[in-house]
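Okay, work_31.cif now, which holds mmCIF, C-alpha atoms:
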```cif
data_data
loop_
_atom_site.label_atom_id
_atom_site.label_comp_id
_atom_site.auth_asym_id
_atom_site.auth_seq_id
_atom_site.Cartn_x
_atom_site.Cartn_y
_atom_site.Cartn_z
CA MET L 1 -29.15 29.41 -17.45
CA LYS L 2 -29.90 27.41 -20.61
CA LYS L 3 -26.18 26.76 -21.06
CA GLN L 4 -25.95 25.46 -17.50
CA LEU L 5 -28.92 23.19 -18.09
CA TYR L 6 -27.37 21.79 -21.30
CA ALA L 7 -24.08 21.26 -19.50
CA TYR L 8 -25.87 19.43 -16.72
CA LEU L 9 -27.76 17.25 -19.21
CA ALA L 10 -24.56 16.50 -21.11
CA ALA L 11 -22.81 15.52 -17.88
CA ALA L 12 -25.74 13.32 -16.87
CA LEU L 13 -25.75 11.61 -20.28
CA ALA L 14 -22.01 11.11 -20.11
CA ALA L 15 -22.32 9.59 -16.66
CA GLY L 16 -25.10 7.33 -17.94
CA ALA L 17 -22.93 6.17 -20.82
CA ALA L 18 -19.97 5.61 -18.52
CA HIS L 19 -22.21 3.51 -16.29
CA ALA L 20 -22.57 1.04 -19.13
CA ASP L 21 -18.81 0.83 -19.62
CA THR L 22 -17.26 -2.50 -18.99
CA ILE L 23 -13.61 -3.39 -19.26
CA GLU L 24 -13.02 -6.87 -20.65
CA MET L 25 -9.66 -8.57 -20.28
CA LYS L 26 -8.38 -11.71 -21.93
CA VAL L 27 -6.37 -13.47 -19.22
CA TYR L 28 -4.12 -16.48 -19.53
CA GLY L 29 -3.61 -19.07 -16.80
CA LEU L 30 -7.20 -18.98 -15.53
CA VAL L 31 -7.73 -22.62 -14.65
CA CYS L 32 -8.53 -22.70 -10.94
CA GLY L 33 -11.34 -20.83 -9.20
CA PHE L 34 -9.67 -21.12 -5.83
CA CYS L 35 -6.46 -19.58 -7.15
CA ALA L 36 -8.30 -16.83 -9.04
CA GLN L 37 -9.80 -15.34 -5.87
CA GLY L 38 -7.08 -12.72 -5.92
CA ILE L 39 -8.41 -11.24 -9.14
CA ASP L 40 -11.79 -10.48 -7.64
CA LYS L 41 -10.32 -9.17 -4.40
CA THR L 42 -7.61 -7.05 -6.01
CA LEU L 43 -9.89 -5.43 -8.58
CA ARG L 44 -12.59 -4.67 -6.02
CA ARG L 45 -10.04 -2.71 -3.96
CA ASN L 46 -9.94 -0.14 -6.76
CA PRO L 47 -12.46 2.65 -5.96
CA ALA L 48 -13.41 2.85 -9.65
CA THR L 49 -14.63 -0.77 -9.65
CA ALA L 50 -18.38 -1.34 -9.40
CA ASP L 51 -18.44 -5.08 -10.05
CA VAL L 52 -16.24 -7.91 -11.28
CA PHE L 53 -16.97 -11.01 -13.32
CA VAL L 54 -14.49 -13.85 -13.85
CA SER L 55 -15.02 -16.67 -16.34
CA LEU L 56 -12.49 -19.47 -16.44
CA GLU L 57 -14.26 -20.98 -19.44
CA ASN L 58 -13.83 -17.82 -21.49
CA GLN L 59 -10.45 -16.77 -20.04
CA LEU L 60 -12.23 -13.55 -19.26
CA VAL L 61 -12.10 -10.98 -16.48
CA ALA L 62 -14.64 -8.18 -16.80
CA VAL L 63 -14.90 -5.07 -14.65
CA ALA L 64 -17.84 -2.70 -14.49
CA THR L 65 -16.64 0.74 -13.55
CA VAL L 66 -18.29 3.29 -11.31
CA PRO L 67 -20.19 5.87 -13.42
CA GLY L 68 -17.82 8.46 -14.85
CA LYS L 69 -14.69 6.59 -13.81
CA ASP L 70 -12.15 4.47 -15.62
CA ILE L 71 -9.24 2.28 -14.61
CA ALA L 72 -5.97 2.80 -16.45
CA ASP L 73 -4.57 -0.14 -18.41
CA ALA L 74 -1.41 -0.07 -16.29
CA ASP L 75 -3.51 -0.42 -13.11
CA LEU L 76 -5.49 -3.28 -14.62
CA ARG L 77 -2.32 -5.10 -15.67
CA LYS L 78 -0.81 -4.58 -12.21
CA ALA L 79 -3.96 -5.92 -10.52
CA LEU L 80 -3.84 -9.06 -12.64
CA THR L 81 -0.10 -9.49 -12.19
CA ASP L 82 -0.52 -9.13 -8.42
CA SER L 83 -3.13 -11.86 -8.66
CA GLY L 84 -0.67 -14.09 -10.49
CA TYR L 85 -1.96 -13.84 -14.05
CA ASP L 86 -1.04 -12.34 -17.41
CA VAL L 87 -3.32 -9.99 -19.32
CA LYS L 88 -3.27 -10.62 -23.05
CA ALA L 89 -5.76 -7.99 -24.19
CA ILE L 90 -7.88 -5.18 -22.76
CA THR L 91 -11.00 -3.86 -24.45
CA ARG L 92 -13.60 -1.36 -23.32
CA THR L 93 -17.18 -1.95 -24.34
CA GLN L 94 -20.57 -0.38 -23.81
CA ARG L 95 -22.01 -3.73 -22.77
CA SER L 96 -23.22 -3.97 -19.22
CA LEU L 97 -21.57 -6.52 -16.95
CA ASP L 98 -24.83 -8.48 -16.94
CA ASP L 99 -24.66 -8.71 -20.73
CA VAL L 100 -21.05 -9.90 -20.53
CA ARG L 101 -22.06 -12.45 -17.90
CA ALA L 102 -25.01 -13.71 -19.96
CA SER L 103 -22.90 -13.93 -23.10
CA ALA L 104 -20.15 -15.84 -21.30
CA ARG L 105 -22.64 -18.32 -19.87
CA LYS L 106 -24.21 -18.85 -23.28
CA LYS L 107 -20.84 -19.95 -24.63
CA GLN L 108 -20.44 -22.61 -21.94
CA MET A 1 12.91 -48.93 -8.26
CA ASN A 2 9.85 -48.42 -6.11
CA PRO A 3 6.46 -47.37 -7.49
CA LEU A 4 6.70 -43.74 -6.36
CA LYS A 5 10.07 -43.24 -8.00
CA ILE A 6 8.70 -44.73 -11.22
CA THR A 7 5.67 -42.47 -11.09
CA LEU A 8 7.80 -39.41 -10.31
CA ALA A 9 10.08 -40.21 -13.21
CA CYS A 10 7.10 -40.58 -15.54
CA ALA A 11 5.65 -37.29 -14.34
CA VAL A 12 8.90 -35.43 -14.92
CA LEU A 13 9.33 -37.03 -18.33
CA ALA A 14 5.82 -36.09 -19.26
CA GLY A 15 6.41 -32.56 -18.03
CA THR A 16 3.43 -32.79 -15.75
CA SER A 17 4.90 -32.63 -12.30
CA GLY A 18 3.74 -30.30 -9.57
CA VAL A 19 1.12 -29.50 -6.96
CA ALA A 20 -1.41 -27.73 -9.03
CA HIS A 21 -3.95 -26.16 -6.76
CA ALA A 22 -2.38 -25.98 -3.32
CA LYS A 23 0.11 -23.20 -3.78
CA PRO A 24 2.21 -21.66 -1.03
CA ILE A 25 1.52 -18.17 -2.42
CA ALA A 26 -2.06 -17.16 -3.10
CA PHE A 27 -1.94 -13.59 -4.43
CA ALA A 28 -0.50 -10.24 -3.42
CA HIS A 29 -1.91 -9.15 -0.04
CA GLY A 30 -3.63 -12.49 0.35
CA THR A 31 -3.49 -14.87 3.28
CA THR A 32 -3.57 -18.65 3.09
CA MET A 33 -4.37 -20.91 6.04
CA MET A 34 -4.00 -24.67 5.74
CA ALA A 35 -4.38 -27.67 8.01
CA GLU A 36 -3.60 -31.22 7.00
CA TYR A 37 -4.09 -34.56 8.68
CA GLY A 38 -1.95 -37.15 6.97
CA GLY A 39 -2.87 -40.69 7.85
CA GLY A 40 -1.68 -40.40 11.44
CA THR A 41 1.89 -40.10 10.20
CA MET A 42 1.95 -36.38 9.51
CA ASN A 43 -0.06 -33.39 10.71
CA GLU A 44 0.68 -29.88 9.55
CA ALA A 45 -0.77 -26.40 9.89
CA GLN A 46 0.43 -23.32 8.03
CA VAL A 47 -0.38 -19.62 7.73
CA PHE A 48 1.19 -17.47 5.02
CA TYR A 49 0.75 -13.85 4.01
CA ALA A 50 1.89 -12.69 0.58
CA PRO A 51 3.16 -9.09 0.38
CA LYS A 52 3.91 -9.76 -3.30
CA TYR A 53 2.47 -12.23 -5.78
CA PHE A 54 5.85 -14.01 -5.90
CA LEU A 55 6.60 -14.04 -2.17
CA SER A 56 4.84 -15.15 0.97
CA VAL A 57 5.99 -15.31 4.56
CA GLY A 58 4.59 -17.07 7.56
CA GLY A 59 4.99 -20.15 9.60
CA GLY A 60 3.85 -23.60 10.33
CA TYR A 61 3.76 -26.49 12.72
CA LEU A 62 4.58 -30.03 11.63
CA GLU A 63 4.12 -33.26 13.56
CA LEU A 64 5.62 -36.49 12.33
CA GLU A 65 5.04 -39.80 14.03
CA SER A 66 6.78 -42.94 12.87
CA ASP A 67 4.59 -45.96 12.27
CA ILE A 68 7.77 -48.03 12.50
CA ASP A 69 9.15 -47.25 15.96
CA GLY A 70 6.89 -44.47 17.26
CA ARG A 71 9.51 -41.70 17.12
CA ARG A 72 7.99 -38.24 16.97
CA ARG A 73 8.97 -34.84 15.64
CA GLU A 74 7.25 -31.59 16.53
CA ILE A 75 8.63 -28.82 14.37
CA ALA A 76 7.61 -25.18 14.54
CA TYR A 77 9.04 -23.04 11.77
CA ALA A 78 9.06 -19.65 10.11
CA ARG A 79 9.29 -19.78 6.35
CA ALA A 80 9.46 -17.70 3.19
CA ASN A 81 8.03 -19.05 -0.07
CA TYR A 82 9.19 -17.79 -3.44
CA LEU A 83 7.66 -18.21 -6.87
CA VAL A 84 10.61 -19.01 -9.11
CA LYS A 85 8.69 -19.21 -12.36
CA ARG A 86 5.12 -19.21 -13.57
CA TRP A 87 3.83 -20.09 -17.00
CA ASN A 88 0.39 -18.69 -17.71
CA LEU A 89 -0.83 -20.49 -20.82
CA ALA A 90 -4.15 -20.11 -22.60
CA SER A 91 -5.75 -23.07 -20.83
CA ALA A 92 -3.12 -24.14 -18.34
CA GLN A 93 -0.80 -22.90 -15.65
CA ALA A 94 2.52 -24.25 -14.41
CA ASN A 95 4.64 -23.10 -11.50
CA VAL A 96 7.92 -23.64 -9.76
CA PHE A 97 8.08 -22.67 -6.09
CA THR A 98 10.84 -22.91 -3.56
CA TRP A 99 10.99 -22.15 0.14
CA GLY A 100 13.26 -22.02 3.10
CA GLY A 101 13.00 -21.38 6.79
CA ALA A 102 14.11 -22.17 10.28
CA GLY A 103 12.64 -23.04 13.63
CA GLN A 104 12.74 -25.45 16.49
CA ALA A 105 12.21 -29.20 16.56
CA TYR A 106 11.34 -31.51 19.41
CA LEU A 107 12.72 -35.06 19.09
CA SER A 108 11.12 -37.79 21.14
CA GLU A 109 14.28 -39.96 21.03
CA THR A 110 16.32 -37.34 22.89
CA ASN A 111 13.38 -35.66 24.60
CA ALA A 112 15.00 -32.37 23.66
CA HIS A 113 14.51 -29.38 21.39
CA GLU A 114 17.00 -28.29 18.79
CA PHE A 115 17.42 -25.77 16.00
CA ALA A 116 15.97 -26.96 12.72
CA TRP A 117 15.98 -25.64 9.19
CA ASN A 118 13.66 -26.32 6.34
CA ALA A 119 13.92 -26.20 2.56
CA GLY A 120 11.69 -27.40 -0.21
CA ALA A 121 10.38 -27.01 -3.70
CA GLN A 122 7.24 -27.65 -5.65
CA VAL A 123 6.45 -27.88 -9.33
CA ASP A 124 2.97 -28.07 -10.74
CA TYR A 125 0.98 -28.14 -13.93
CA GLU A 126 -2.77 -27.85 -14.21
CA THR A 127 -5.64 -27.43 -16.59
CA ARG A 128 -9.31 -27.44 -15.61
CA ARG A 129 -9.43 -31.20 -16.08
CA VAL A 130 -6.06 -32.59 -15.06
CA TYR A 131 -3.24 -31.68 -12.78
CA ALA A 132 -0.02 -33.06 -11.48
CA SER A 133 2.20 -31.89 -8.71
CA LEU A 134 5.42 -32.83 -7.06
CA LYS A 135 6.62 -31.45 -3.76
CA THR A 136 9.68 -32.15 -1.68
CA ASP A 137 10.02 -30.77 1.84
CA LEU A 138 13.12 -31.26 3.97
CA HIS A 139 13.34 -30.61 7.72
CA ARG A 140 16.73 -31.03 9.25
CA GLY A 141 18.59 -30.49 12.50
CA ALA A 142 21.81 -31.66 14.13
CA ASP A 143 20.22 -34.96 15.17
CA PHE A 144 17.55 -35.59 12.59
CA SER A 145 16.64 -35.34 8.94
CA ASN A 146 13.18 -35.90 7.54
CA ARG A 147 12.16 -35.35 3.97
CA ILE A 148 8.61 -35.69 2.72
CA ASP A 149 8.09 -36.18 -1.01
CA THR A 150 4.55 -35.91 -2.28
CA LEU A 151 3.20 -36.62 -5.73
CA GLN A 152 -0.40 -35.79 -6.60
CA LEU A 153 -2.20 -36.61 -9.82
CA GLY A 154 -5.72 -35.34 -10.22
CA ILE A 155 -8.58 -35.51 -12.64
CA ALA A 156 -11.78 -33.46 -12.67
CA PRO A 157 -15.00 -35.06 -13.90
CA TYR A 158 -16.15 -31.66 -15.22
CA GLU A 159 -14.68 -28.22 -15.78
CA HIS A 160 -15.54 -25.92 -12.91
CA ASP A 161 -15.79 -22.17 -13.21
CA PHE A 162 -15.08 -19.28 -10.89
CA ASP A 163 -18.41 -19.43 -9.06
CA THR A 164 -19.08 -23.14 -9.24
CA LEU A 165 -18.00 -26.05 -7.09
CA ALA A 166 -14.83 -27.77 -8.27
CA THR A 167 -14.58 -31.52 -7.82
CA TRP A 168 -11.36 -33.44 -8.19
CA PHE A 169 -10.31 -37.05 -7.73
CA VAL A 170 -6.74 -37.18 -6.58
CA VAL A 171 -4.22 -39.96 -6.23
CA GLN A 172 -1.45 -39.14 -3.80
CA GLY A 173 1.82 -40.93 -3.28
CA ARG A 174 4.01 -39.90 -0.38
CA GLN A 175 7.38 -41.06 0.88
CA TYR A 176 9.11 -40.19 4.12
CA THR A 177 12.78 -40.44 4.96
CA GLY A 178 14.20 -40.66 8.47
CA GLY A 179 12.31 -43.73 9.70
CA ILE A 180 8.79 -42.29 9.63
CA HIS A 181 7.22 -44.73 7.17
CA ASP A 182 8.48 -47.61 5.06
CA GLY A 183 7.71 -47.48 1.36
CA THR A 184 5.18 -45.31 -0.38
CA GLU A 185 1.99 -44.22 1.32
CA TRP A 186 -0.75 -44.10 -1.33
CA ALA A 187 -4.02 -42.31 -0.81
CA LEU A 188 -7.16 -41.61 -2.82
CA LEU A 189 -8.73 -38.22 -2.16
CA LEU A 190 -11.89 -36.33 -3.04
CA ARG A 191 -11.14 -32.62 -3.33
CA LEU A 192 -13.81 -29.93 -3.35
CA PHE A 193 -13.35 -26.20 -3.54
CA LYS A 194 -15.41 -23.15 -4.25
CA ARG A 195 -14.31 -19.54 -4.09
CA GLY A 196 -11.73 -19.28 -1.30
CA ALA A 197 -12.61 -22.47 0.58
CA TRP A 198 -11.10 -25.87 -0.04
CA ILE A 199 -11.61 -29.23 1.61
CA GLU A 200 -10.38 -32.69 0.73
CA ALA A 201 -10.61 -36.06 2.35
CA GLY A 202 -9.86 -39.64 1.57
CA ALA A 203 -8.02 -42.64 2.81
CA THR A 204 -4.66 -44.29 2.41
CA THR A 205 -4.41 -47.83 1.11
CA GLU A 206 -3.93 -48.83 4.74
CA GLY A 207 -7.33 -47.37 5.55
CA LYS A 208 -6.06 -44.29 7.40
CA LEU A 209 -7.77 -40.93 7.08
CA GLN A 210 -6.11 -38.30 4.93
CA ALA A 211 -7.68 -34.83 5.01
CA MET A 212 -6.89 -31.21 4.31
CA ALA A 213 -8.68 -27.87 4.61
CA MET A 214 -7.53 -24.55 3.29
CA VAL A 215 -8.81 -21.00 2.96
CA ASN A 216 -7.59 -18.02 0.95
CA PHE A 217 -8.61 -14.51 1.93
#
```

Would it be possible to restate this file's structure as structure tokens?
Amino acid sequence: MKKQLYAYLAAALAAGAAHADTIEMKVYGLVCGFCAQGIDKTLRRNPATADVFVSLENQLVAVATVPGKDIADADLRKALTDSGYDVKAITRTQRSLDDVRASARKKQ
Amino acid sequence: MNPLKITLACAVLAGTSGVAHAKPIAFAHGTTMMAEYGGGTMNEAQVFYAPKYFLSVGGGYLELESDIDGRRREIAYARANYLVKRWNLASAQANVFTWGGAGQAYLSETNAHEFAWNAGAQVDYETRRVYASLKTDLHRGADFSNRIDTLQLGIAPYEHDFDTLATWFVVQGRQYTGGIHDGTEWALLLRLFKRGAWIEAGATTEGKLQAMAMVNF
């Protein structure tokens, strides 16, 4: 019983940690908000996507994932290619999307 | 050499030719709808769907009315657009598009319809502050040939972002072949867009309205 409880707690903690996961991508060619609509739409089609943030100023596309889920790099690159852009780097952070958003706006 | 040819030559030499924002392919699985009113000389509406990021298919309707002798063209066409090359740079993007299609044209001179084909190309370069674009669009049939060449040079007073309103001031030069308009038709436009909605309006140097609306979804 205790083991089950620990396992449950561990799973809950892991889910909580995953909730904070944000994927940040450095994207080249981001100069037009009208043209970049495809990024938002394409990434939101992925069931693992919780939210998306695009910053032209920071050449940044950030994706908050659904708790406990991830999006493979290949899928991220395909989503950006389908939107017409090139991904230069992908990093995964523990920052929330709101933190990423706030940080990006501070730089402007 | 007329002013448009000089400007086009300068743009090509400077490597800044192209239609920056208005692209015939939005994004994979995206749809673009556009309607343009061009100074009473040209009206056009288009709908394109992109199954791939480098390809879109759809159709359009083009009306041309000569301000020289009143001749009219009404051309309905199906078209495929292809992205030949895209350069995604750190703070800029450049593209080369081409397209081709076919349809039917009504000619007022003969009061008859005939088969028509269409071909064109567009090159563009843009940053968040400047852009330049050059487009050529040829419609041709057994009894007519009309080409529309459009140069646009734009400047933004501030750098917009994904969720903010973009404002652009655009100078447009347009030439028509086939007896539609003599010389270059210049226009000054105010362009606004936010998210997937775009609207622009202005006037030609002859005081005629020039306007365009477009949506991406």

- prompt: Counting all atoms listed in the file, which of L:Leu97, L:Leu43, L:Ala72, L:Asp21 gets nearest to chain A?
  reply: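 The shortest atom-to-atom distance to chain A comes from L:Leu43.
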
task: Using only C-alpha atoms, find the residues of chain A whose closest atom to chain L is at most 7 Å away, then write them as a list in words.
output: Ala26, Phe27, Ala28, Lys52, Tyr53, Asn88, Leu89, Ala90, Ser91, Ala92, Gln93, Thr127, Arg128, Asp161, Phe162, Phe193, Lys194, Arg195 and Gly196 of chain A

query: region 106-121 of chain A: which residues within 7 Å, counting only C-alpha atoms, same-chain residues fewer than 2 positions away excluded, as a VMD selection string?
result: chain A and resid 71 to 75 97 to 104 123 135 to 141

task: Please write as a list in words the full residue list that the PyMOL selection byres ((chain L and resi 92) around 6) yields on this file.
output: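 Evaluating the PyMOL selection byres ((chain L and resi 92) around 6) on these coordinates yields Thr22, Ile23, Thr91 and Thr93 of chain L.
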
task: To one decimal in Å, tell me the separation between CA of Arg174 (chain A) and CA of Gly30 (chain A).
output: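 Pair CA of Arg174 (chain A) / CA of Gly30 (chain A) returns 28.5 Å.
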
Can you turn the PyMOL selection byres ((chain A and resi 181) around 12) into a concrete residue list for this file, as a JSON list (two decimals) with C-alpha atoms, in the frame of the given file?
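See expr_0.json below for the written result:
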```json
[["chain", "number", "residue", "atom", "x", "y", "z"],
["A", 38, "GLY", "CA", -1.95, -37.15, 6.97],
["A", 39, "GLY", "CA", -2.87, -40.69, 7.85],
["A", 40, "GLY", "CA", -1.68, -40.40, 11.44],
["A", 41, "THR", "CA", 1.89, -40.10, 10.20],
["A", 42, "MET", "CA", 1.95, -36.38, 9.51],
["A", 64, "LEU", "CA", 5.62, -36.49, 12.33],
["A", 65, "GLU", "CA", 5.04, -39.80, 14.03],
["A", 66, "SER", "CA", 6.78, -42.94, 12.87],
["A", 67, "ASP", "CA", 4.59, -45.96, 12.27],
["A", 68, "ILE", "CA", 7.77, -48.03, 12.50],
["A", 69, "ASP", "CA", 9.15, -47.25, 15.96],
["A", 70, "GLY", "CA", 6.89, -44.47, 17.26],
["A", 71, "ARG", "CA", 9.51, -41.70, 17.12],
["A", 72, "ARG", "CA", 7.99, -38.24, 16.97],
["A", 146, "ASN", "CA", 13.18, -35.90, 7.54],
["A", 147, "ARG", "CA", 12.16, -35.35, 3.97],
["A", 148, "ILE", "CA", 8.61, -35.69, 2.72],
["A", 149, "ASP", "CA", 8.09, -36.18, -1.01],
["A", 174, "ARG", "CA", 4.01, -39.90, -0.38],
["A", 175, "GLN", "CA", 7.38, -41.06, 0.88],
["A", 176, "TYR", "CA", 9.11, -40.19, 4.12],
["A", 177, "THR", "CA", 12.78, -40.44, 4.96],
["A", 178, "GLY", "CA", 14.20, -40.66, 8.47],
["A", 179, "GLY", "CA", 12.31, -43.73, 9.70],
["A", 180, "ILE", "CA", 8.79, -42.29, 9.63],
["A", 182, "ASP", "CA", 8.48, -47.61, 5.06],
["A", 183, "GLY", "CA", 7.71, -47.48, 1.36],
["A", 184, "THR", "CA", 5.18, -45.31, -0.38],
["A", 185, "GLU", "CA", 1.99, -44.22, 1.32],
["A", 186, "TRP", "CA", -0.75, -44.10, -1.33]]
```

- prompt: Counting all atoms listed in the file, what is within 6 Å of Met25 (chain L), bar same-chain residues fewer than 3 positions away, as number ranges by chain?
  reply: L: 60-61, 89-90

Starting from the shown file, work through the PyMOL selection byres ((chain L and resi 65) around 12) and note down what comes out as a PDB file with C-alpha atoms, keeping the file's coordinate frame.
```
ATOM      1  CA  ALA L  15     -22.320   9.590 -16.660  1.00  0.00           C
ATOM      2  CA  GLY L  16     -25.100   7.330 -17.940  1.00  0.00           C
ATOM      3  CA  ALA L  17     -22.930   6.170 -20.820  1.00  0.00           C
ATOM      4  CA  ALA L  18     -19.970   5.610 -18.520  1.00  0.00           C
ATOM      5  CA  HIS L  19     -22.210   3.510 -16.290  1.00  0.00           C
ATOM      6  CA  ALA L  20     -22.570   1.040 -19.130  1.00  0.00           C
ATOM      7  CA  ASP L  21     -18.810   0.830 -19.620  1.00  0.00           C
ATOM      8  CA  THR L  22     -17.260  -2.500 -18.990  1.00  0.00           C
ATOM      9  CA  ILE L  23     -13.610  -3.390 -19.260  1.00  0.00           C
ATOM     10  CA  GLU L  24     -13.020  -6.870 -20.650  1.00  0.00           C
ATOM     11  CA  LEU L  43      -9.890  -5.430  -8.580  1.00  0.00           C
ATOM     12  CA  ARG L  44     -12.590  -4.670  -6.020  1.00  0.00           C
ATOM     13  CA  ASN L  46      -9.940  -0.140  -6.760  1.00  0.00           C
ATOM     14  CA  PRO L  47     -12.460   2.650  -5.960  1.00  0.00           C
ATOM     15  CA  ALA L  48     -13.410   2.850  -9.650  1.00  0.00           C
ATOM     16  CA  THR L  49     -14.630  -0.770  -9.650  1.00  0.00           C
ATOM     17  CA  ALA L  50     -18.380  -1.340  -9.400  1.00  0.00           C
ATOM     18  CA  ASP L  51     -18.440  -5.080 -10.050  1.00  0.00           C
ATOM     19  CA  VAL L  52     -16.240  -7.910 -11.280  1.00  0.00           C
ATOM     20  CA  PHE L  53     -16.970 -11.010 -13.320  1.00  0.00           C
ATOM     21  CA  ALA L  62     -14.640  -8.180 -16.800  1.00  0.00           C
ATOM     22  CA  VAL L  63     -14.900  -5.070 -14.650  1.00  0.00           C
ATOM     23  CA  ALA L  64     -17.840  -2.700 -14.490  1.00  0.00           C
ATOM     24  CA  VAL L  66     -18.290   3.290 -11.310  1.00  0.00           C
ATOM     25  CA  PRO L  67     -20.190   5.870 -13.420  1.00  0.00           C
ATOM     26  CA  GLY L  68     -17.820   8.460 -14.850  1.00  0.00           C
ATOM     27  CA  LYS L  69     -14.690   6.590 -13.810  1.00  0.00           C
ATOM     28  CA  ASP L  70     -12.150   4.470 -15.620  1.00  0.00           C
ATOM     29  CA  ILE L  71      -9.240   2.280 -14.610  1.00  0.00           C
ATOM     30  CA  ALA L  72      -5.970   2.800 -16.450  1.00  0.00           C
ATOM     31  CA  LEU L  76      -5.490  -3.280 -14.620  1.00  0.00           C
ATOM     32  CA  ARG L  92     -13.600  -1.360 -23.320  1.00  0.00           C
ATOM     33  CA  THR L  93     -17.180  -1.950 -24.340  1.00  0.00           C
ATOM     34  CA  GLN L  94     -20.570  -0.380 -23.810  1.00  0.00           C
ATOM     35  CA  ARG L  95     -22.010  -3.730 -22.770  1.00  0.00           C
ATOM     36  CA  SER L  96     -23.220  -3.970 -19.220  1.00  0.00           C
ATOM     37  CA  LEU L  97     -21.570  -6.520 -16.950  1.00  0.00           C
TER      38      LEU L  97
END
```

message: Just to confirm, what's the straight-line distance from CA of Met34 (chain A) to CA of Asp163 (chain A) in Å (one decimal)?
response: 21.3 Å
